[in-house]
Amino acid sequence: MGKLVVLKFGEGSFEQGFAVTLEIGEEHERATTEITGRLPSFPEMPLYYSHWQSSYRQIGNRYRLHADKMQVTNVSMIQDCENASHILRARFNTWLRAEEFRPLREKWLERLSSTEEVRVILQTENSQLQLLPWHLWDLLERYPKAEIALSSPSYDRIHKPRTKNQLVNILAIVGNSQGIDTQADQALLQQCSNAEVSFLVEPQRKELTEHLWGKNWDILFFAGHSSSNKNGESGRIYLNKTDSLTISELKYALKKAIENGLQLAIFNSCDGLGLARELADLQIPQMIIMREPVPDQVAKEFLKYFLEGFASGEPLYQSVRQARERLQGLEDKFPCATWLPMICQNPAQIPPTWDELRSTKTEAPNLGLSIRQRLMITLLSSLAITGLVCGPRLLGLLENPEIAAYDLMMRQRPAEGLDSRLLIITIDDNDLAIQRKNNEDLIGASISEKSLNKLLAKLNQYQPRAIGLDIYRDFKAKQPDLIARLQTTQNLIGVCKGSDVTVNIPGNQPPPEIPTTNLGFSDFIHDRDGVIRRHLLFMNQEATSLCPAPFAFSLELASLYLRPSGIEPKFTREGNLQLGKTIFRNLKSRTGGYQNIDANGGQVLLNYRSPKQIAQQVKLTQFLSSPINPSAIKDKIVLIGVVAKGDSPDTWPTPYGVPLDEQMPGVLVQAQMISQILSAVQDGRPLLRVWSLWAEVAWIWGWSLIGGVLAAWRKLSFPWLALAVIITSSVLYLVCFALLISGAWVPFVPSALSLVVTVGLMSIFNSTTKVRVATQE
């Protein structure tokens with residue numbers, strides 16, 4: 001944001017000196033700095049200017065002053081003019097370095113950076129002060145993005161109508177052109193993009209008046225001859241070869257044009273200070289004039305450079321400064337050309353850009369508030385809304401929708417393919433029926449001793465790295481061969497279940513024949529809705545538990561598989577499990593969308609691989625009766641489990657399905673857990689993680705700020721704003737989805753809620769503010 005500097009000259013004269021007040025502030029806001037000082041008396045200053053003015057006007061050069069023929073330029077006159085300009089500049093800066101004025105100068109240097117855009121407004125009624133070459137002030141020249149404008153101390157704000165248009169409406173008056181070339185001015189105006197130019201060439205007074213009344217003009221342009229009276233109090237434009245007018249003779253038409261939205265008047269003609277003084281009384285927002293008679297070529301070049309910058313998007317003040325400074329290339333023939341262009345400004349109005357002229361005719365883009373105020377309101381509102389969202393979230397009120405969004409993203413992730421390190425031997429309803437048909441005694445289990453013995457014997461022939469028996473056998477085997485095989489198969493891991501004191505369940509004993517070191521617990525951690533989203537790796541068994549295993553069945557099998565690679569489980573100082581370089585960080589009671597969970601034991605989020613086809617599967621009967629490809633078993637983990645859908649199926653709700661017919665068999669859940677461990681350690685597949693609490697709060701706040709920015713974009717009607725919110729929310733979802741695929745669970749529901757609430761509240765605020773401003777107007 002740029003800075004606005006106002007220099008106010010009080011009562012005084014060059015004989016007595018002037019009281020001066022300096023105000024500095026941000027654009028669109030009240031001044032935050034004010035200091036008073038004084039410029040001492042300097043009676044000779046008007047004489048220096050008069051001497052320069054006299055030498056300048058003697059040069060000639062086909063001025064646009066009036067239609068008389070001008071004399072031919074004389075080289076010695078040019079030199080006299082340059083000498084006078086150097087003297088005037090030196091005396092002028094000496095005066096501005098006076099000791100009484102030093103406090104203002106130092107405050108300026110303290111408050112303004114040379115890199116900032118600065119609009120400087122000089123407020124005075126003294127015409128001699130206005131004529132001085134303020135652009136040559138050595139202080140101002142330190143600021144390459146600063147430009148000075150003249151203003152009257154008395155001004156009012158004109159409220160313009162709120163009408164929309166796609167073009168900049170320009171009324172171009174081409175007056176008496178005797179002895180000068182105004183065709184170039186017309187051509188330059190016609191080249192402006194997004195502009196509609198209406199030309200009045202040497203019009204009659206009635207024709208000009210009717211045009212000023214008849215349409216909402218943005219820019220009034222005049223090219224031709226003009227002049228000001230001796231004291232600079234009034235000016236005259238020459239419409240044609242016989243008629244001329246003062247501004248007062250166009251007062252009512254011009255006043256109507258200003259009320260209808262006229263923003264800028266450009267008088268590309270001579271000696272415009274008198275014109276500016278009269279137009280200022282009508283409260284015109286901005287004017288560009290020439291302080292002295294302007295050579296025809298200088299006028300054309302200035303217009304070209306100015307339109308080049310302004311129509312391409314440069315601010316008005318910057319466009320004038322750049323165009324003025326580019327005139328220096330003509331000063332070998334037209335001395336002091338850079339002195340001529342001046343801005344005259346109504347301080348109550350904000351200079352528009354070219355796009356603002358063409359997009360809307362309104363003086364209330366800020367709804368009565370400055371940009372800084374609106375930014376502060378947006379910032380504070382987003383902070384408040386973030387607090388309102390995070391508070392209920394910490395109380396667990398958003399846990400259900402957050403978990404639902406998490407499940408949706410899990411289901412939408414692309415499948416990763418089968419894990420080739422696993423083979424699952426399933427026992428379905430048909431396998432159970434065949435065993436009973438063969439008179440095999442199941443003894444309350446899902447696989448008979450005969451089939452189990454045969455299965456283990458066949459598996460051992462093909463040297464699997466680990467065998468996981470995911471079947472409860474809390475009774476002694478009867479067949480001697482099976483007993484011996486269970487006792488001696490070193491790569492066989494059995495299961496047991498720990499006790500649950502909350503529901504008074506003691507758990508399940510392990511198979512008596514399998515050594516304690518080859519046991520793993522099968523306990524799953526499920527959420528309040530019964531869905532398994534967490535993976536329990538280790539825990540301290542209850543004293544009453546029938547299961548002695550401290551490590552999960554999945555972890556035991558994964559460790560057995562990784563052991564040939566020299567990877568053994570160990571624990572960090574923080575109590576996290578580490579396998580190789582991979583650390584499985586324990587969940588806390590507040591983790592991501594979880595706000596108050598039982599985080600005892602070593603728990604991590606379960607990063608499911610795919611819906612159900614986690615690994616290659618083969619039915620028990622098929623495996624026992626068919627020849628086997630050795631590569632399908634060698635050095636793999638073989639899981640044996642039940643997928644039957646009988647009276648008591650071993651199925652569990654997962655993010656992929658909660659209804660009974662969509663639940664995942666327990667052996668497949670175990671396969672998911674084993675695959676998660678192996679993929680993280682060997683493949684670098686990311687474990688699901690969450691951000692810190694403050695990072696999540698910052699994330700939620702960021703989307704609330706985005707909502708505030710959307711609401712601040714008041715050009716959007718409600719349907720377009722709603723569409724913008726939908727698109728932004730979709731982008732938020734896609735970002736959260738992409739982060740989940742990469743392993744980060746970040747808040748979606750709280751972020752979307754803060755976004756929508758901020759847009760809603762800020763839109764209501766903007767609407768009420770707009771109504772208030774409209775009422776005040």
# chains A, B, ... in the order shown; residues from 1 in each chain; ligands from 1

$ residues_around --residues "region 172-178 of chain A" --least-positions-apart "3" --cutoff "10 Å" --atoms "only C-alpha atoms" --output "number ranges by chain"
A: 64, 66-69, 169, 181-183, 185-186, 189, 197-204, 208, 219-226, 237-244, 265-267, 269

$ write_last_selection --atoms "N, CA and C atoms" --output "short mmCIF file (atom, residue, chain, number, x, y, z; two decimals), in the first residue's frame"
data_model
loop_
_atom_site.label_atom_id
_atom_site.label_comp_id
_atom_site.auth_asym_id
_atom_site.auth_seq_id
_atom_site.Cartn_x
_atom_site.Cartn_y
_atom_site.Cartn_z
N ARG A 64 0.75 26.22 -27.47
CA ARG A 64 -0.70 26.09 -27.56
C ARG A 64 -1.38 27.17 -26.70
N HIS A 66 -2.21 30.51 -27.69
CA HIS A 66 -3.30 31.12 -28.47
C HIS A 66 -2.93 30.94 -29.92
N ALA A 67 -3.72 31.46 -30.78
CA ALA A 67 -3.57 31.15 -32.20
C ALA A 67 -2.62 32.06 -32.95
N ASP A 68 -1.97 32.99 -32.25
CA ASP A 68 -1.04 33.88 -32.94
C ASP A 68 0.22 33.13 -33.35
N LYS A 69 0.83 33.58 -34.38
CA LYS A 69 2.07 32.95 -34.85
C LYS A 69 3.20 33.26 -33.87
N ASN A 169 -15.23 5.95 -20.87
CA ASN A 169 -15.90 6.95 -21.72
C ASN A 169 -15.11 8.26 -21.70
N ASP A 181 -0.74 21.00 -34.21
CA ASP A 181 -1.19 19.72 -34.77
C ASP A 181 -1.94 18.95 -33.68
N THR A 182 -3.27 18.97 -33.75
CA THR A 182 -4.07 18.20 -32.78
C THR A 182 -4.50 16.84 -33.34
N GLN A 183 -4.14 16.59 -34.61
CA GLN A 183 -4.46 15.29 -35.19
C GLN A 183 -3.75 14.16 -34.42
N ASP A 185 -3.07 14.10 -31.23
CA ASP A 185 -3.82 13.85 -29.99
C ASP A 185 -4.99 12.91 -30.26
N GLN A 186 -5.72 13.17 -31.34
CA GLN A 186 -6.87 12.34 -31.67
C GLN A 186 -6.44 10.90 -31.96
N LEU A 189 -5.61 9.02 -28.68
CA LEU A 189 -6.81 8.65 -27.92
C LEU A 189 -7.52 7.47 -28.56
N VAL A 197 -14.22 6.78 -27.29
CA VAL A 197 -13.87 8.20 -27.38
C VAL A 197 -14.87 8.91 -28.29
N SER A 198 -15.45 9.99 -27.76
CA SER A 198 -16.34 10.84 -28.55
C SER A 198 -15.63 12.17 -28.81
N PHE A 199 -15.44 12.49 -30.10
CA PHE A 199 -14.68 13.69 -30.46
C PHE A 199 -15.64 14.84 -30.80
N LEU A 200 -15.33 15.99 -30.25
CA LEU A 200 -15.99 17.24 -30.64
C LEU A 200 -14.92 18.15 -31.22
N VAL A 201 -14.93 18.30 -32.52
CA VAL A 201 -13.89 19.08 -33.19
C VAL A 201 -14.41 20.48 -33.45
N GLU A 202 -13.72 21.48 -32.82
CA GLU A 202 -14.11 22.89 -32.92
C GLU A 202 -15.62 23.06 -32.74
N PRO A 203 -16.14 22.61 -31.61
CA PRO A 203 -17.60 22.63 -31.41
C PRO A 203 -18.11 24.03 -31.09
N GLN A 204 -19.44 24.18 -31.24
CA GLN A 204 -20.11 25.36 -30.76
C GLN A 204 -20.41 25.18 -29.27
N LEU A 208 -21.19 21.56 -27.10
CA LEU A 208 -20.36 21.08 -25.99
C LEU A 208 -21.20 20.89 -24.72
N ILE A 219 -13.49 10.61 -18.49
CA ILE A 219 -12.36 11.51 -18.75
C ILE A 219 -12.82 12.63 -19.69
N LEU A 220 -12.48 13.86 -19.33
CA LEU A 220 -12.68 15.01 -20.22
C LEU A 220 -11.31 15.43 -20.73
N PHE A 221 -11.16 15.47 -22.04
CA PHE A 221 -9.87 15.80 -22.65
C PHE A 221 -10.04 17.04 -23.53
N PHE A 222 -9.07 17.95 -23.43
CA PHE A 222 -9.08 19.13 -24.29
C PHE A 222 -7.71 19.30 -24.93
N ALA A 223 -7.71 19.50 -26.23
CA ALA A 223 -6.48 19.82 -26.97
C ALA A 223 -6.78 21.04 -27.82
N GLY A 224 -5.87 21.97 -27.79
CA GLY A 224 -6.06 23.21 -28.54
C GLY A 224 -5.40 24.35 -27.80
N HIS A 225 -5.89 25.55 -28.02
CA HIS A 225 -5.32 26.73 -27.39
C HIS A 225 -6.07 27.06 -26.11
N SER A 226 -5.33 27.47 -25.09
CA SER A 226 -5.93 27.92 -23.83
C SER A 226 -4.99 28.91 -23.18
N ILE A 237 -10.58 28.54 -22.67
CA ILE A 237 -10.27 27.61 -23.76
C ILE A 237 -10.87 28.15 -25.04
N TYR A 238 -10.18 27.90 -26.15
CA TYR A 238 -10.60 28.42 -27.44
C TYR A 238 -11.24 27.29 -28.23
N LEU A 239 -12.59 27.34 -28.34
CA LEU A 239 -13.33 26.25 -28.96
C LEU A 239 -13.13 26.19 -30.46
N ASN A 240 -13.16 27.33 -31.09
CA ASN A 240 -13.01 27.37 -32.55
C ASN A 240 -12.38 28.71 -32.92
N LYS A 241 -12.42 29.05 -34.15
CA LYS A 241 -11.72 30.26 -34.60
C LYS A 241 -12.37 31.53 -34.09
N THR A 242 -13.62 31.43 -33.64
CA THR A 242 -14.32 32.64 -33.21
C THR A 242 -14.78 32.62 -31.76
N ASP A 243 -14.92 31.43 -31.18
CA ASP A 243 -15.50 31.33 -29.83
C ASP A 243 -14.49 30.83 -28.81
N SER A 244 -14.57 31.41 -27.63
CA SER A 244 -13.79 30.92 -26.49
C SER A 244 -14.67 30.97 -25.25
N ALA A 265 -9.86 15.28 -15.74
CA ALA A 265 -9.84 16.25 -16.85
C ALA A 265 -8.39 16.45 -17.26
N ILE A 266 -8.13 16.33 -18.54
CA ILE A 266 -6.79 16.52 -19.08
C ILE A 266 -6.82 17.70 -20.04
N PHE A 267 -6.10 18.74 -19.70
CA PHE A 267 -5.99 19.91 -20.59
C PHE A 267 -4.59 19.89 -21.19
N SER A 269 -3.03 21.63 -23.10
CA SER A 269 -2.98 22.96 -23.70
C SER A 269 -2.20 23.87 -22.76
#

$ residues_around --residues "region 631-633 of chain A" --least-positions-apart "3" --cutoff "8 Å" --atoms "only C-alpha atoms" --output "list in words"
Leu423, Leu459, Tyr462, Gln463, Pro464, Ile628, Lys636, Ile637 and Val638 of chain A

$ closest_residue --among "A:Leu555, A:Ala299, A:Ile170, A:Ile706" --to "Gln263 (chain A)" --atoms "only C-alpha atoms"
A:Ile170

$ select_by_dssp --residues "region 682-748 of chain A" --states "alpha helix (DSSP H)" --output "PyMOL selection string"
chain A and resi 693-712+718-741

$ write_last_selection --atoms "N, CA and C atoms" --output "compact mmCIF listing (two decimals), in the first residue's frame"
# COMPACT_ATOMS: atom_id res chain seq x y z
N LEU A 693 -0.65 -30.03 17.20
CA LEU A 693 -1.88 -29.28 17.44
C LEU A 693 -1.79 -27.87 16.86
N TRP A 694 -0.66 -27.20 17.07
CA TRP A 694 -0.55 -25.81 16.60
C TRP A 694 -0.45 -25.75 15.08
N ALA A 695 0.14 -26.75 14.48
CA ALA A 695 0.17 -26.79 13.01
C ALA A 695 -1.24 -26.97 12.45
N GLU A 696 -2.04 -27.80 13.11
CA GLU A 696 -3.42 -27.99 12.67
C GLU A 696 -4.24 -26.71 12.85
N VAL A 697 -4.02 -26.03 13.97
CA VAL A 697 -4.73 -24.76 14.20
C VAL A 697 -4.35 -23.74 13.13
N ALA A 698 -3.07 -23.67 12.80
CA ALA A 698 -2.61 -22.74 11.76
C ALA A 698 -3.22 -23.10 10.40
N TRP A 699 -3.32 -24.39 10.12
CA TRP A 699 -3.93 -24.87 8.88
C TRP A 699 -5.40 -24.44 8.80
N ILE A 700 -6.13 -24.66 9.89
CA ILE A 700 -7.54 -24.28 9.93
C ILE A 700 -7.67 -22.76 9.78
N TRP A 701 -6.81 -22.02 10.45
CA TRP A 701 -6.84 -20.56 10.36
C TRP A 701 -6.55 -20.10 8.94
N GLY A 702 -5.62 -20.76 8.28
CA GLY A 702 -5.29 -20.38 6.90
C GLY A 702 -6.50 -20.47 5.98
N TRP A 703 -7.29 -21.52 6.13
CA TRP A 703 -8.48 -21.66 5.27
C TRP A 703 -9.57 -20.68 5.68
N SER A 704 -9.58 -20.31 6.95
CA SER A 704 -10.50 -19.26 7.37
C SER A 704 -10.11 -17.93 6.72
N LEU A 705 -8.81 -17.64 6.65
CA LEU A 705 -8.34 -16.43 5.98
C LEU A 705 -8.72 -16.44 4.50
N ILE A 706 -8.59 -17.60 3.86
CA ILE A 706 -8.98 -17.71 2.46
C ILE A 706 -10.46 -17.39 2.31
N GLY A 707 -11.27 -17.87 3.25
CA GLY A 707 -12.69 -17.53 3.24
C GLY A 707 -12.91 -16.04 3.37
N GLY A 708 -12.12 -15.38 4.24
CA GLY A 708 -12.23 -13.93 4.38
C GLY A 708 -11.88 -13.20 3.10
N VAL A 709 -10.86 -13.70 2.39
CA VAL A 709 -10.46 -13.08 1.11
C VAL A 709 -11.58 -13.24 0.08
N LEU A 710 -12.20 -14.43 0.04
CA LEU A 710 -13.30 -14.64 -0.89
C LEU A 710 -14.45 -13.69 -0.60
N ALA A 711 -14.75 -13.54 0.69
CA ALA A 711 -15.85 -12.64 1.06
C ALA A 711 -15.51 -11.19 0.74
N ALA A 712 -14.22 -10.84 0.83
CA ALA A 712 -13.81 -9.46 0.55
C ALA A 712 -13.88 -9.14 -0.94
N PHE A 718 -23.92 -13.32 -5.24
CA PHE A 718 -24.06 -14.47 -4.35
C PHE A 718 -23.87 -15.81 -5.09
N PRO A 719 -24.48 -16.01 -6.27
CA PRO A 719 -24.25 -17.30 -6.96
C PRO A 719 -22.79 -17.55 -7.27
N TRP A 720 -22.08 -16.49 -7.70
CA TRP A 720 -20.66 -16.67 -8.02
C TRP A 720 -19.84 -16.88 -6.76
N LEU A 721 -20.23 -16.20 -5.67
CA LEU A 721 -19.53 -16.42 -4.41
C LEU A 721 -19.74 -17.85 -3.92
N ALA A 722 -20.98 -18.34 -4.04
CA ALA A 722 -21.26 -19.72 -3.65
C ALA A 722 -20.44 -20.70 -4.49
N LEU A 723 -20.35 -20.41 -5.79
CA LEU A 723 -19.54 -21.27 -6.66
C LEU A 723 -18.07 -21.21 -6.25
N ALA A 724 -17.59 -20.01 -5.90
CA ALA A 724 -16.19 -19.88 -5.46
C ALA A 724 -15.94 -20.67 -4.19
N VAL A 725 -16.92 -20.67 -3.27
CA VAL A 725 -16.77 -21.44 -2.03
C VAL A 725 -16.74 -22.92 -2.34
N ILE A 726 -17.61 -23.36 -3.24
CA ILE A 726 -17.64 -24.79 -3.61
C ILE A 726 -16.31 -25.20 -4.24
N ILE A 727 -15.81 -24.37 -5.14
CA ILE A 727 -14.53 -24.69 -5.80
C ILE A 727 -13.40 -24.71 -4.79
N THR A 728 -13.37 -23.72 -3.89
CA THR A 728 -12.31 -23.66 -2.88
C THR A 728 -12.39 -24.85 -1.93
N SER A 729 -13.61 -25.24 -1.54
CA SER A 729 -13.78 -26.41 -0.67
C SER A 729 -13.32 -27.68 -1.37
N SER A 730 -13.60 -27.75 -2.68
CA SER A 730 -13.14 -28.91 -3.45
C SER A 730 -11.62 -28.97 -3.52
N VAL A 731 -11.02 -27.78 -3.69
CA VAL A 731 -9.55 -27.73 -3.68
C VAL A 731 -9.02 -28.17 -2.32
N LEU A 732 -9.66 -27.71 -1.25
CA LEU A 732 -9.26 -28.13 0.09
C LEU A 732 -9.35 -29.63 0.23
N TYR A 733 -10.45 -30.22 -0.26
CA TYR A 733 -10.60 -31.68 -0.16
C TYR A 733 -9.50 -32.40 -0.94
N LEU A 734 -9.22 -31.92 -2.14
CA LEU A 734 -8.19 -32.56 -2.95
C LEU A 734 -6.81 -32.45 -2.30
N VAL A 735 -6.54 -31.30 -1.67
CA VAL A 735 -5.26 -31.14 -0.98
C VAL A 735 -5.17 -32.11 0.20
N CYS A 736 -6.25 -32.20 0.97
CA CYS A 736 -6.27 -33.13 2.11
C CYS A 736 -6.15 -34.58 1.63
N PHE A 737 -6.81 -34.87 0.51
CA PHE A 737 -6.76 -36.24 -0.05
C PHE A 737 -5.34 -36.57 -0.51
N ALA A 738 -4.70 -35.61 -1.19
CA ALA A 738 -3.33 -35.84 -1.65
C ALA A 738 -2.38 -36.02 -0.47
N LEU A 739 -2.58 -35.22 0.58
CA LEU A 739 -1.74 -35.35 1.77
C LEU A 739 -1.95 -36.70 2.45
N LEU A 740 -3.20 -37.20 2.45
CA LEU A 740 -3.46 -38.51 3.05
C LEU A 740 -2.75 -39.60 2.27
N ILE A 741 -2.77 -39.50 0.95
CA ILE A 741 -2.06 -40.50 0.14
C ILE A 741 -0.56 -40.46 0.46

$ residues_around --residues "region 282-293 of chain A" --least-positions-apart "6" --cutoff "6 Å" --atoms "only C-alpha atoms" --output "PyMOL selection string"
chain A and resi 63+65+263-267+270-273+340-346+349

$ write_last_selection --atoms "C-alpha atoms" --output "PDB file, in the first residue's frame"
ATOM      1  CA  TYR A  63       2.899  27.141 -28.045  1.00  0.00           C
ATOM      2  CA  LEU A  65      -1.204  29.412 -25.791  1.00  0.00           C
ATOM      3  CA  GLN A 263     -13.013  11.474 -12.750  1.00  0.00           C
ATOM      4  CA  LEU A 264     -10.259  13.133 -14.722  1.00  0.00           C
ATOM      5  CA  ALA A 265      -9.839  16.253 -16.846  1.00  0.00           C
ATOM      6  CA  ILE A 266      -6.786  16.521 -19.077  1.00  0.00           C
ATOM      7  CA  PHE A 267      -5.993  19.908 -20.588  1.00  0.00           C
ATOM      8  CA  CYS A 270      -1.152  25.997 -22.413  1.00  0.00           C
ATOM      9  CA  ASP A 271      -1.144  27.814 -19.106  1.00  0.00           C
ATOM     10  CA  GLY A 272      -3.717  25.652 -17.323  1.00  0.00           C
ATOM     11  CA  LEU A 273      -3.458  26.854 -13.734  1.00  0.00           C
ATOM     12  CA  LEU A 340       5.186  21.635 -17.490  1.00  0.00           C
ATOM     13  CA  PRO A 341       2.786  18.754 -16.619  1.00  0.00           C
ATOM     14  CA  MET A 342       1.055  19.137 -13.238  1.00  0.00           C
ATOM     15  CA  ILE A 343      -1.590  17.189 -11.336  1.00  0.00           C
ATOM     16  CA  CYS A 344      -4.358  19.036  -9.512  1.00  0.00           C
ATOM     17  CA  GLN A 345      -6.110  16.834  -6.960  1.00  0.00           C
ATOM     18  CA  ASN A 346      -9.261  16.867  -4.875  1.00  0.00           C
ATOM     19  CA  GLN A 349     -11.055  11.549  -3.962  1.00  0.00           C
TER      20      GLN A 349
END

$ residues_around --residues "region 509-526 of chain A" --least-positions-apart "2" --cutoff "6 Å" --atoms "only C-alpha atoms" --output "list in words"
Arg473, Asp474, Lys476, Leu486, Gln487, Ile493, Gly494, Val495, Cys496, Lys497, Gly530, Val531, Ile532, Arg534, Leu546, Cys547, Ala549, Phe551, Ala552 and Phe553 of chain A

$ write_last_selection --atoms "N, CA and C atoms" --output "CSV table (one decimal), in the first residue's frame"
chain,number,residue,atom,x,y,z
A,473,ARG,N,-6.9,-71.9,19.2
A,473,ARG,CA,-6.9,-73.3,19.7
A,473,ARG,C,-6.5,-73.3,21.2
A,474,ASP,N,-7.5,-73.1,22.0
A,474,ASP,CA,-7.3,-73.0,23.4
A,474,ASP,C,-7.5,-74.4,24.1
A,476,LYS,N,-5.9,-78.7,24.0
A,476,LYS,CA,-4.8,-79.6,23.6
A,476,LYS,C,-5.1,-80.4,22.4
A,486,LEU,N,3.4,-78.8,16.0
A,486,LEU,CA,3.2,-77.5,16.6
A,486,LEU,C,4.3,-77.1,17.6
A,487,GLN,N,4.9,-78.1,18.2
A,487,GLN,CA,6.0,-77.8,19.2
A,487,GLN,C,7.3,-77.5,18.5
A,493,ILE,N,3.7,-69.0,14.2
A,493,ILE,CA,3.3,-68.1,15.2
A,493,ILE,C,1.8,-68.4,15.4
A,494,GLY,N,1.4,-68.6,16.7
A,494,GLY,CA,0.0,-68.8,17.1
A,494,GLY,C,-0.6,-67.5,17.7
A,495,VAL,N,-1.9,-67.6,18.0
A,495,VAL,CA,-2.5,-66.4,18.5
A,495,VAL,C,-3.2,-66.7,19.8
A,496,CYS,N,-3.4,-65.7,20.6
A,496,CYS,CA,-4.2,-65.7,21.8
A,496,CYS,C,-4.8,-64.3,21.9
A,497,LYS,N,-5.8,-64.2,22.8
A,497,LYS,CA,-6.5,-62.9,22.9
A,497,LYS,C,-6.4,-62.4,24.4
A,530,GLY,N,-17.1,-49.0,16.3
A,530,GLY,CA,-16.7,-50.4,16.0
A,530,GLY,C,-15.8,-50.6,14.9
A,531,VAL,N,-15.4,-49.5,14.2
A,531,VAL,CA,-14.5,-49.6,13.0
A,531,VAL,C,-13.1,-49.7,13.4
A,532,ILE,N,-12.3,-50.5,12.7
A,532,ILE,CA,-10.9,-50.6,13.0
A,532,ILE,C,-10.1,-49.7,12.1
A,534,ARG,N,-7.1,-48.3,13.8
A,534,ARG,CA,-5.8,-48.3,14.5
A,534,ARG,C,-5.2,-49.7,14.6
A,546,LEU,N,-5.5,-64.3,30.0
A,546,LEU,CA,-5.1,-65.7,29.6
A,546,LEU,C,-4.0,-65.7,28.5
A,547,CYS,N,-3.7,-64.5,28.0
A,547,CYS,CA,-2.8,-64.4,26.8
A,547,CYS,C,-1.5,-63.8,27.3
A,549,ALA,N,1.2,-63.0,25.5
A,549,ALA,CA,2.0,-62.4,24.4
A,549,ALA,C,2.0,-60.8,24.6
A,551,PHE,N,3.4,-58.8,22.3
A,551,PHE,CA,3.5,-58.2,20.9
A,551,PHE,C,2.3,-58.8,20.1
A,552,ALA,N,1.9,-58.0,19.1
A,552,ALA,CA,0.8,-58.3,18.2
A,552,ALA,C,1.2,-59.5,17.3
A,553,PHE,N,0.3,-60.3,17.0
A,553,PHE,CA,0.4,-61.4,16.0
A,553,PHE,C,1.1,-60.8,14.7

$ residues_around --residues "His135 (chain A)" --least-positions-apart "4" --cutoff "8 Å" --atoms "only C-alpha atoms" --output "ChimeraX atom specification"
/A:140-141,147-148,339

$ write_last_selection --atoms "C-alpha atoms" --output "PDB file, in the first residue's frame"
ATOM      1  CA  LEU A 140      11.156  14.614  -3.498  1.00  0.00           C
ATOM      2  CA  GLU A 141      13.737  13.521  -6.043  1.00  0.00           C
ATOM      3  CA  GLU A 147       4.729  12.643  -7.522  1.00  0.00           C
ATOM      4  CA  ILE A 148       3.283  15.931  -6.286  1.00  0.00           C
ATOM      5  CA  TRP A 339       8.472  21.270 -15.652  1.00  0.00           C
TER       6      TRP A 339
END

$ residues_around --residues "region 106-117 of chain A" --least-positions-apart "5" --cutoff "7 Å" --atoms "only C-alpha atoms" --output "list of chain:residue names"
A:Gly2, A:Lys3, A:Arg142, A:Tyr143, A:Lys145, A:Ala146

$ write_last_selection --atoms "N, CA and C atoms" --output "PDB file, in the first residue's frame"
ATOM      1  N   GLY A   2       0.479   2.281  -0.815  1.00  0.00           N
ATOM      2  CA  GLY A   2       1.271   3.495  -0.896  1.00  0.00           C
ATOM      3  C   GLY A   2       1.015   4.432   0.270  1.00  0.00           C
ATOM      4  N   LYS A   3       1.759   5.513   0.279  1.00  0.00           N
ATOM      5  CA  LYS A   3       1.636   6.523   1.332  1.00  0.00           C
ATOM      6  C   LYS A   3       1.062   7.814   0.733  1.00  0.00           C
ATOM      7  N   ARG A 142      14.457  12.113  -4.163  1.00  0.00           N
ATOM      8  CA  ARG A 142      14.985  10.872  -3.573  1.00  0.00           C
ATOM      9  C   ARG A 142      13.997   9.723  -3.686  1.00  0.00           C
ATOM     10  N   TYR A 143      12.766  10.032  -4.048  1.00  0.00           N
ATOM     11  CA  TYR A 143      11.703   9.030  -4.056  1.00  0.00           C
ATOM     12  C   TYR A 143      11.237   8.823  -5.498  1.00  0.00           C
ATOM     13  N   LYS A 145       9.225   6.880  -6.816  1.00  0.00           N
ATOM     14  CA  LYS A 145       7.811   6.552  -7.022  1.00  0.00           C
ATOM     15  C   LYS A 145       6.905   7.606  -6.405  1.00  0.00           C
ATOM     16  N   ALA A 146       7.398   8.811  -6.275  1.00  0.00           N
ATOM     17  CA  ALA A 146       6.608   9.900  -5.691  1.00  0.00           C
ATOM     18  C   ALA A 146       6.283  10.929  -6.762  1.00  0.00           C
TER      19      ALA A 146
END

$ residues_around --residues "Arg465 (chain A)" --least-positions-apart "6" --cutoff "10 Å" --atoms "only C-alpha atoms" --output "VMD selection string"
chain A and resid 421 490 to 492 557 to 558 560 to 564 633 to 638

$ closest_atom_pairs --of "region 125-226 of chain A" --to "region 10-31 of chain A" --cutoff "10 Å" --atoms "only C-alpha atoms" --output "CSV"
residue,atom,partner,partner_atom,distance
A:Glu125,CA,A:Gly10,CA,8.8
A:Asn126,CA,A:Ser13,CA,8.1
A:Gln128,CA,A:Phe14,CA,9.1
A:Leu129,CA,A:Phe14,CA,8.9
A:Pro153,CA,A:Gly10,CA,9.1
